Amino acid sequence: MKVFYTDHFHIPLPANHRFPLEKYSLLRQRIIEDGFGGAVKLCVPRPASDEEILYAHSSSYLQRLQDGEMTPKEMRRIGFPWSAELVERAKRSAGATIEACLRALDESFAMSLSGGTHHAFSDRGEGYCLLNDSVIAARTLQHKNFVNKILIIDCDVHQGNGTAAIVKNDASIFSFSIHGKNNFPYRKEKSDLDVDLEDGTDNLKYLEALEKGLIRALELSKAEFAIYLAGADPYADDRFGRLLLTKEGLLKRDRMVNHYCNKAGIPLAITMAGGYARKIKDTVDIHFETVKAAVECQRQAPKPG
């Protein structure tokens, strides 16, 4: 399985801005140490091109982002100080999701160890998200005429508000978000299918709601391809999560998404999305199990085509 990573691009950040990014290098190192019996191949992605980014974002936003013309207020909303390195990493992260999608077409599964930046709107970023990699990748596949109908399965604990807004009038991309009802963003957008969960939702209630949502989303979307945001932040000890899922529950979630996409015969590209556990090792553990679950399911999946 091809796995694309971007953590080797150094971003100069103050100490108080580093924690959302610290997990990535630890996750890649964990994958290297395990080896997966040669089943996983780590790859460096290319950056998304301007043309590809403009499938999801306005030209004025991209220009201001690249040229460092964002206002301090806009960058506070994103959560990072502006730097050329930060923009390059965002473009590489979007490129990683594109590459994962292209590989999944051939191999049923592929993965980006970044991505899932679903709070980026067409004309602005927020919540640690500069570019909406899911929509960029989905529309890149469509413009290459590889697939038409695409399902975005968003299991980050926060609603994919940017994704929902960008594809609001696009019947070819179906947005499904299962998230905390009372969590960020506090003003929700309308996805094609939203499943709102109360604070304190546990494994059983979550998995029941997810299964119903997955079945419905696959039925309504008539998808030929899926992008899965495997956020680690529904975890019980996540700083921003407010749900009560265990590591075992999150693994069952991953296996459920993999199973239903495999059963439907549609390739799946996976991105990591959020994860902010009080102990960073917990976030890395959860993401690592997501990789393991995908490798297991890929071995059982028929080859596309």
# chains A, B, ... in the order shown; residues from 1 in each chain; ligands from 1
>>> closest_atom_pairs(of="segment 86-123 of chain A", to="segment 145-155 of chain A", cutoff="10 Å", atoms="only C-alpha atoms", output="tab-separated table")
residue	atom	partner	partner_atom	distance
A:Leu102	CA	A:Phe146	CA	8.9
A:Leu105	CA	A:Phe146	CA	8.4
A:Gly116	CA	A:Asp154	CA	8.3
A:His118	CA	A:Asp154	CA	8.5
>>> residues_around(residues="segment 257-272 of chain A", least_positions_apart="3", cutoff="6 Å", atoms="only C-alpha atoms", output="PDB file with N, CA and C atoms, in the first residue's frame")
ATOM      1  N   ALA A 100      -2.599   9.776  -3.205  1.00  0.00           N
ATOM      2  CA  ALA A 100      -3.252   8.633  -2.568  1.00  0.00           C
ATOM      3  C   ALA A 100      -4.490   8.220  -3.353  1.00  0.00           C
ATOM      4  N   CYS A 101      -5.247   9.182  -3.834  1.00  0.00           N
ATOM      5  CA  CYS A 101      -6.427   8.865  -4.639  1.00  0.00           C
ATOM      6  C   CYS A 101      -6.038   8.150  -5.931  1.00  0.00           C
ATOM      7  N   ALA A 104      -4.988   4.618  -5.107  1.00  0.00           N
ATOM      8  CA  ALA A 104      -6.120   3.792  -4.694  1.00  0.00           C
ATOM      9  C   ALA A 104      -6.918   3.289  -5.897  1.00  0.00           C
ATOM     10  N   LEU A 105      -6.944   4.055  -6.968  1.00  0.00           N
ATOM     11  CA  LEU A 105      -7.632   3.598  -8.175  1.00  0.00           C
ATOM     12  C   LEU A 105      -7.047   2.285  -8.673  1.00  0.00           C
ATOM     13  N   SER A 108      -6.882  -0.307  -4.718  1.00  0.00           N
ATOM     14  CA  SER A 108      -8.029  -0.336  -3.800  1.00  0.00           C
ATOM     15  C   SER A 108      -7.862   0.586  -2.590  1.00  0.00           C
ATOM     16  N   PHE A 109      -6.674   0.625  -1.984  1.00  0.00           N
ATOM     17  CA  PHE A 109      -6.421   1.472  -0.823  1.00  0.00           C
ATOM     18  C   PHE A 109      -5.104   2.220  -1.005  1.00  0.00           C
ATOM     19  N   ALA A 110      -5.073   3.451  -0.507  1.00  0.00           N
ATOM     20  CA  ALA A 110      -3.827   4.202  -0.364  1.00  0.00           C
ATOM     21  C   ALA A 110      -4.072   5.255   0.705  1.00  0.00           C
ATOM     22  N   MET A 111      -3.004   5.902   1.155  1.00  0.00           N
ATOM     23  CA  MET A 111      -3.131   6.733   2.348  1.00  0.00           C
ATOM     24  C   MET A 111      -2.181   7.922   2.311  1.00  0.00           C
ATOM     25  N   SER A 112      -2.640   9.011   2.911  1.00  0.00           N
ATOM     26  CA  SER A 112      -1.783  10.153   3.200  1.00  0.00           C
ATOM     27  C   SER A 112      -1.647  10.275   4.707  1.00  0.00           C
ATOM     28  N   LEU A 113      -0.432  10.485   5.177  1.00  0.00           N
ATOM     29  CA  LEU A 113      -0.209  10.678   6.610  1.00  0.00           C
ATOM     30  C   LEU A 113      -0.448  12.129   7.027  1.00  0.00           C
ATOM     31  N   SER A 114      -1.050  12.907   6.167  1.00  0.00           N
ATOM     32  CA  SER A 114      -1.479  14.265   6.513  1.00  0.00           C
ATOM     33  C   SER A 114      -2.896  14.426   5.977  1.00  0.00           C
ATOM     34  N   GLY A 115      -3.265  15.606   5.550  1.00  0.00           N
ATOM     35  CA  GLY A 115      -4.563  15.802   4.915  1.00  0.00           C
ATOM     36  C   GLY A 115      -5.726  15.807   5.887  1.00  0.00           C
ATOM     37  N   GLY A 116      -6.911  15.800   5.310  1.00  0.00           N
ATOM     38  CA  GLY A 116      -8.122  15.921   6.109  1.00  0.00           C
ATOM     39  C   GLY A 116      -8.366  17.341   6.583  1.00  0.00           C
ATOM     40  N   GLU A 224     -18.394   6.073  -6.840  1.00  0.00           N
ATOM     41  CA  GLU A 224     -17.422   5.207  -7.498  1.00  0.00           C
ATOM     42  C   GLU A 224     -16.081   5.236  -6.779  1.00  0.00           C
ATOM     43  N   PHE A 225     -15.961   6.140  -5.812  1.00  0.00           N
ATOM     44  CA  PHE A 225     -14.687   6.359  -5.104  1.00  0.00           C
ATOM     45  C   PHE A 225     -15.005   7.035  -3.782  1.00  0.00           C
ATOM     46  N   ALA A 226     -14.164   6.783  -2.767  1.00  0.00           N
ATOM     47  CA  ALA A 226     -14.378   7.420  -1.462  1.00  0.00           C
ATOM     48  C   ALA A 226     -13.070   7.952  -0.892  1.00  0.00           C
ATOM     49  N   ILE A 227     -13.169   9.057  -0.187  1.00  0.00           N
ATOM     50  CA  ILE A 227     -12.069   9.639   0.581  1.00  0.00           C
ATOM     51  C   ILE A 227     -12.505   9.624   2.045  1.00  0.00           C
ATOM     52  N   TYR A 228     -11.683   9.033   2.896  1.00  0.00           N
ATOM     53  CA  TYR A 228     -12.024   8.836   4.309  1.00  0.00           C
ATOM     54  C   TYR A 228     -11.112   9.659   5.197  1.00  0.00           C
ATOM     55  N   LEU A 229     -11.698  10.554   5.997  1.00  0.00           N
ATOM     56  CA  LEU A 229     -10.960  11.350   6.968  1.00  0.00           C
ATOM     57  C   LEU A 229     -11.008  10.617   8.304  1.00  0.00           C
ATOM     58  N   ALA A 230      -9.903   9.962   8.655  1.00  0.00           N
ATOM     59  CA  ALA A 230      -9.858   9.082   9.826  1.00  0.00           C
ATOM     60  C   ALA A 230      -9.336   9.830  11.049  1.00  0.00           C
ATOM     61  N   GLY A 231     -10.036  10.858  11.460  1.00  0.00           N
ATOM     62  CA  GLY A 231      -9.593  11.652  12.599  1.00  0.00           C
ATOM     63  C   GLY A 231      -9.421  10.824  13.859  1.00  0.00           C
ATOM     64  N   ASP A 254     -12.567   2.284  11.888  1.00  0.00           N
ATOM     65  CA  ASP A 254     -11.764   2.178  10.673  1.00  0.00           C
ATOM     66  C   ASP A 254     -12.124   0.924   9.885  1.00  0.00           C
TER      67      ASP A 254
END
>>> residues_around(residues="Ser191 of chain A", least_positions_apart="2", cutoff="6 Å", atoms="only C-alpha atoms", output="PyMOL selection string")
chain A and resi 164+175+193-194
>>> residues_around(residues="Arg76 of chain A", least_positions_apart="2", cutoff="12 Å", atoms="only C-alpha atoms", output="list in words")
His17, Met70, Thr71, Pro72, Lys73, Glu74, Ile78, Gly79, Phe80, Pro81, Trp82, Arg124, Gly125, Glu126, Gly127, Tyr128, Cys129 and Leu130 of chain A
>>> residues_around(residues="Leu204 of chain A", least_positions_apart="5", cutoff="12 Å", atoms="only C-alpha atoms", output="list in words")
Ala209, Leu210, Glu211, Leu243, Leu244, Leu245, Thr246, Glu248, Gly249, Leu250, Lys252 and Arg253 of chain A
>>> write_last_selection(atoms="C-alpha atoms", output="mmCIF file, in the first residue's frame")
data_model
loop_
_atom_site.group_PDB
_atom_site.id
_atom_site.type_symbol
_atom_site.label_atom_id
_atom_site.label_comp_id
_atom_site.auth_asym_id
_atom_site.auth_seq_id
_atom_site.Cartn_x
_atom_site.Cartn_y
_atom_site.Cartn_z
ATOM 1 C CA ALA A 209 -24.724 5.872 14.161
ATOM 2 C CA LEU A 210 -21.748 5.482 11.820
ATOM 3 C CA GLU A 211 -23.047 2.246 10.324
ATOM 4 C CA LEU A 243 -16.641 12.065 22.879
ATOM 5 C CA LEU A 244 -15.749 8.851 24.730
ATOM 6 C CA LEU A 245 -14.398 6.489 22.085
ATOM 7 C CA THR A 246 -11.616 4.116 23.063
ATOM 8 C CA GLU A 248 -10.580 -0.242 20.270
ATOM 9 C CA GLY A 249 -13.697 1.669 19.261
ATOM 10 C CA LEU A 250 -11.743 3.779 16.780
ATOM 11 C CA LYS A 252 -13.664 -0.800 14.821
ATOM 12 C CA ARG A 253 -14.654 2.464 13.141
#
>>> residues_around(residues="segment 45-57 of chain A", least_positions_apart="2", cutoff="10 Å", atoms="only C-alpha atoms", output="ChimeraX atom specification")
/A:3-6,42-43,59-63,88-100,112,120-124,131-141,143,163,166-167
>>> residues_around(residues="Ala39 of chain A", least_positions_apart="6", cutoff="9 Å", atoms="only C-alpha atoms", output="MDAnalysis selection string")
chainID A and resid 1:2 295
>>> closest_residue(among="A:Pro20, A:Ile31, A:Lys212, A:Lys181", to="Ala232 of chain A", atoms="only C-alpha atoms")
A:Pro20
>>> select_by_dssp(residues="segment 39-179 of chain A", states="strand (DSSP E or B)", output="PyMOL selection string")
chain A and resi 41-43+109-112+126+129+150-154+173-179
>>> atom_distance(atom1="atom CA of Cys297 of chain A", atom2="atom CA of Glu22 of chain A")
27.7 Å
>>> closest_residue(among="A:Leu251, A:Val40, A:Lys292, A:Tyr206", to="Glu107 of chain A", atoms="only C-alpha atoms")
A:Val40
>>> closest_residue(among="A:Ser83, A:Gln66, A:Ser221, A:Thr290", to="Asp170 of chain A", atoms="only C-alpha atoms")
A:Ser221
>>> decode(residues="segment 208-235 of chain A", atoms="N, CA and C atoms", output="PDB file, in the first residue's frame")
ATOM      1  N   GLU A 208     -23.006   2.498  16.017  1.00  0.00           N
ATOM      2  CA  GLU A 208     -24.362   2.324  15.493  1.00  0.00           C
ATOM      3  C   GLU A 208     -24.722   3.476  14.558  1.00  0.00           C
ATOM      4  N   ALA A 209     -24.412   4.700  14.978  1.00  0.00           N
ATOM      5  CA  ALA A 209     -24.724   5.872  14.161  1.00  0.00           C
ATOM      6  C   ALA A 209     -23.894   5.889  12.879  1.00  0.00           C
ATOM      7  N   LEU A 210     -22.622   5.505  12.993  1.00  0.00           N
ATOM      8  CA  LEU A 210     -21.748   5.482  11.820  1.00  0.00           C
ATOM      9  C   LEU A 210     -22.241   4.466  10.799  1.00  0.00           C
ATOM     10  N   GLU A 211     -22.604   3.274  11.265  1.00  0.00           N
ATOM     11  CA  GLU A 211     -23.047   2.246  10.324  1.00  0.00           C
ATOM     12  C   GLU A 211     -24.290   2.688   9.560  1.00  0.00           C
ATOM     13  N   LYS A 212     -25.253   3.249  10.256  1.00  0.00           N
ATOM     14  CA  LYS A 212     -26.454   3.747   9.585  1.00  0.00           C
ATOM     15  C   LYS A 212     -26.100   4.843   8.581  1.00  0.00           C
ATOM     16  N   GLY A 213     -25.210   5.736   8.998  1.00  0.00           N
ATOM     17  CA  GLY A 213     -24.808   6.821   8.115  1.00  0.00           C
ATOM     18  C   GLY A 213     -24.063   6.338   6.888  1.00  0.00           C
ATOM     19  N   LEU A 214     -23.152   5.380   7.073  1.00  0.00           N
ATOM     20  CA  LEU A 214     -22.402   4.835   5.948  1.00  0.00           C
ATOM     21  C   LEU A 214     -23.314   4.174   4.924  1.00  0.00           C
ATOM     22  N   ILE A 215     -24.225   3.355   5.414  1.00  0.00           N
ATOM     23  CA  ILE A 215     -25.157   2.676   4.513  1.00  0.00           C
ATOM     24  C   ILE A 215     -25.963   3.701   3.718  1.00  0.00           C
ATOM     25  N   ARG A 216     -26.451   4.722   4.420  1.00  0.00           N
ATOM     26  CA  ARG A 216     -27.237   5.767   3.755  1.00  0.00           C
ATOM     27  C   ARG A 216     -26.399   6.569   2.765  1.00  0.00           C
ATOM     28  N   ALA A 217     -25.183   6.947   3.166  1.00  0.00           N
ATOM     29  CA  ALA A 217     -24.324   7.753   2.296  1.00  0.00           C
ATOM     30  C   ALA A 217     -23.942   6.995   1.023  1.00  0.00           C
ATOM     31  N   LEU A 218     -23.622   5.720   1.165  1.00  0.00           N
ATOM     32  CA  LEU A 218     -23.272   4.919  -0.004  1.00  0.00           C
ATOM     33  C   LEU A 218     -24.470   4.762  -0.930  1.00  0.00           C
ATOM     34  N   GLU A 219     -25.645   4.617  -0.347  1.00  0.00           N
ATOM     35  CA  GLU A 219     -26.861   4.472  -1.148  1.00  0.00           C
ATOM     36  C   GLU A 219     -27.179   5.757  -1.905  1.00  0.00           C
ATOM     37  N   LEU A 220     -27.111   6.886  -1.220  1.00  0.00           N
ATOM     38  CA  LEU A 220     -27.485   8.158  -1.833  1.00  0.00           C
ATOM     39  C   LEU A 220     -26.446   8.669  -2.827  1.00  0.00           C
ATOM     40  N   SER A 221     -25.185   8.458  -2.505  1.00  0.00           N
ATOM     41  CA  SER A 221     -24.113   9.034  -3.329  1.00  0.00           C
ATOM     42  C   SER A 221     -23.879   8.281  -4.623  1.00  0.00           C
ATOM     43  N   LYS A 222     -24.191   6.984  -4.632  1.00  0.00           N
ATOM     44  CA  LYS A 222     -23.869   6.121  -5.786  1.00  0.00           C
ATOM     45  C   LYS A 222     -22.390   6.276  -6.174  1.00  0.00           C
ATOM     46  N   ALA A 223     -21.542   6.315  -5.129  1.00  0.00           N
ATOM     47  CA  ALA A 223     -20.132   6.661  -5.311  1.00  0.00           C
ATOM     48  C   ALA A 223     -19.359   5.589  -6.068  1.00  0.00           C
ATOM     49  N   GLU A 224     -18.394   6.073  -6.840  1.00  0.00           N
ATOM     50  CA  GLU A 224     -17.422   5.207  -7.498  1.00  0.00           C
ATOM     51  C   GLU A 224     -16.081   5.236  -6.779  1.00  0.00           C
ATOM     52  N   PHE A 225     -15.961   6.140  -5.812  1.00  0.00           N
ATOM     53  CA  PHE A 225     -14.687   6.359  -5.104  1.00  0.00           C
ATOM     54  C   PHE A 225     -15.005   7.035  -3.782  1.00  0.00           C
ATOM     55  N   ALA A 226     -14.164   6.783  -2.767  1.00  0.00           N
ATOM     56  CA  ALA A 226     -14.378   7.420  -1.462  1.00  0.00           C
ATOM     57  C   ALA A 226     -13.070   7.952  -0.892  1.00  0.00           C
ATOM     58  N   ILE A 227     -13.169   9.057  -0.187  1.00  0.00           N
ATOM     59  CA  ILE A 227     -12.069   9.639   0.581  1.00  0.00           C
ATOM     60  C   ILE A 227     -12.505   9.624   2.045  1.00  0.00           C
ATOM     61  N   TYR A 228     -11.683   9.033   2.896  1.00  0.00           N
ATOM     62  CA  TYR A 228     -12.024   8.836   4.309  1.00  0.00           C
ATOM     63  C   TYR A 228     -11.112   9.659   5.197  1.00  0.00           C
ATOM     64  N   LEU A 229     -11.698  10.554   5.997  1.00  0.00           N
ATOM     65  CA  LEU A 229     -10.960  11.350   6.968  1.00  0.00           C
ATOM     66  C   LEU A 229     -11.008  10.617   8.304  1.00  0.00           C
ATOM     67  N   ALA A 230      -9.903   9.962   8.655  1.00  0.00           N
ATOM     68  CA  ALA A 230      -9.858   9.082   9.826  1.00  0.00           C
ATOM     69  C   ALA A 230      -9.336   9.830  11.049  1.00  0.00           C
ATOM     70  N   GLY A 231     -10.036  10.858  11.460  1.00  0.00           N
ATOM     71  CA  GLY A 231      -9.593  11.652  12.599  1.00  0.00           C
ATOM     72  C   GLY A 231      -9.421  10.824  13.859  1.00  0.00           C
ATOM     73  N   ALA A 232      -8.359  11.102  14.611  1.00  0.00           N
ATOM     74  CA  ALA A 232      -8.132  10.427  15.891  1.00  0.00           C
ATOM     75  C   ALA A 232      -8.814  11.160  17.042  1.00  0.00           C
ATOM     76  N   ASP A 233      -9.459  12.286  16.762  1.00  0.00           N
ATOM     77  CA  ASP A 233      -9.963  13.139  17.838  1.00  0.00           C
ATOM     78  C   ASP A 233     -11.308  12.755  18.450  1.00  0.00           C
ATOM     79  N   PRO A 234     -12.040  11.720  17.975  1.00  0.00           N
ATOM     80  CA  PRO A 234     -13.170  11.237  18.791  1.00  0.00           C
ATOM     81  C   PRO A 234     -12.715  10.484  20.045  1.00  0.00           C
ATOM     82  N   TYR A 235     -11.417  10.303  20.200  1.00  0.00           N
ATOM     83  CA  TYR A 235     -10.846   9.569  21.340  1.00  0.00           C
ATOM     84  C   TYR A 235     -11.217  10.243  22.667  1.00  0.00           C
TER      85      TYR A 235
END
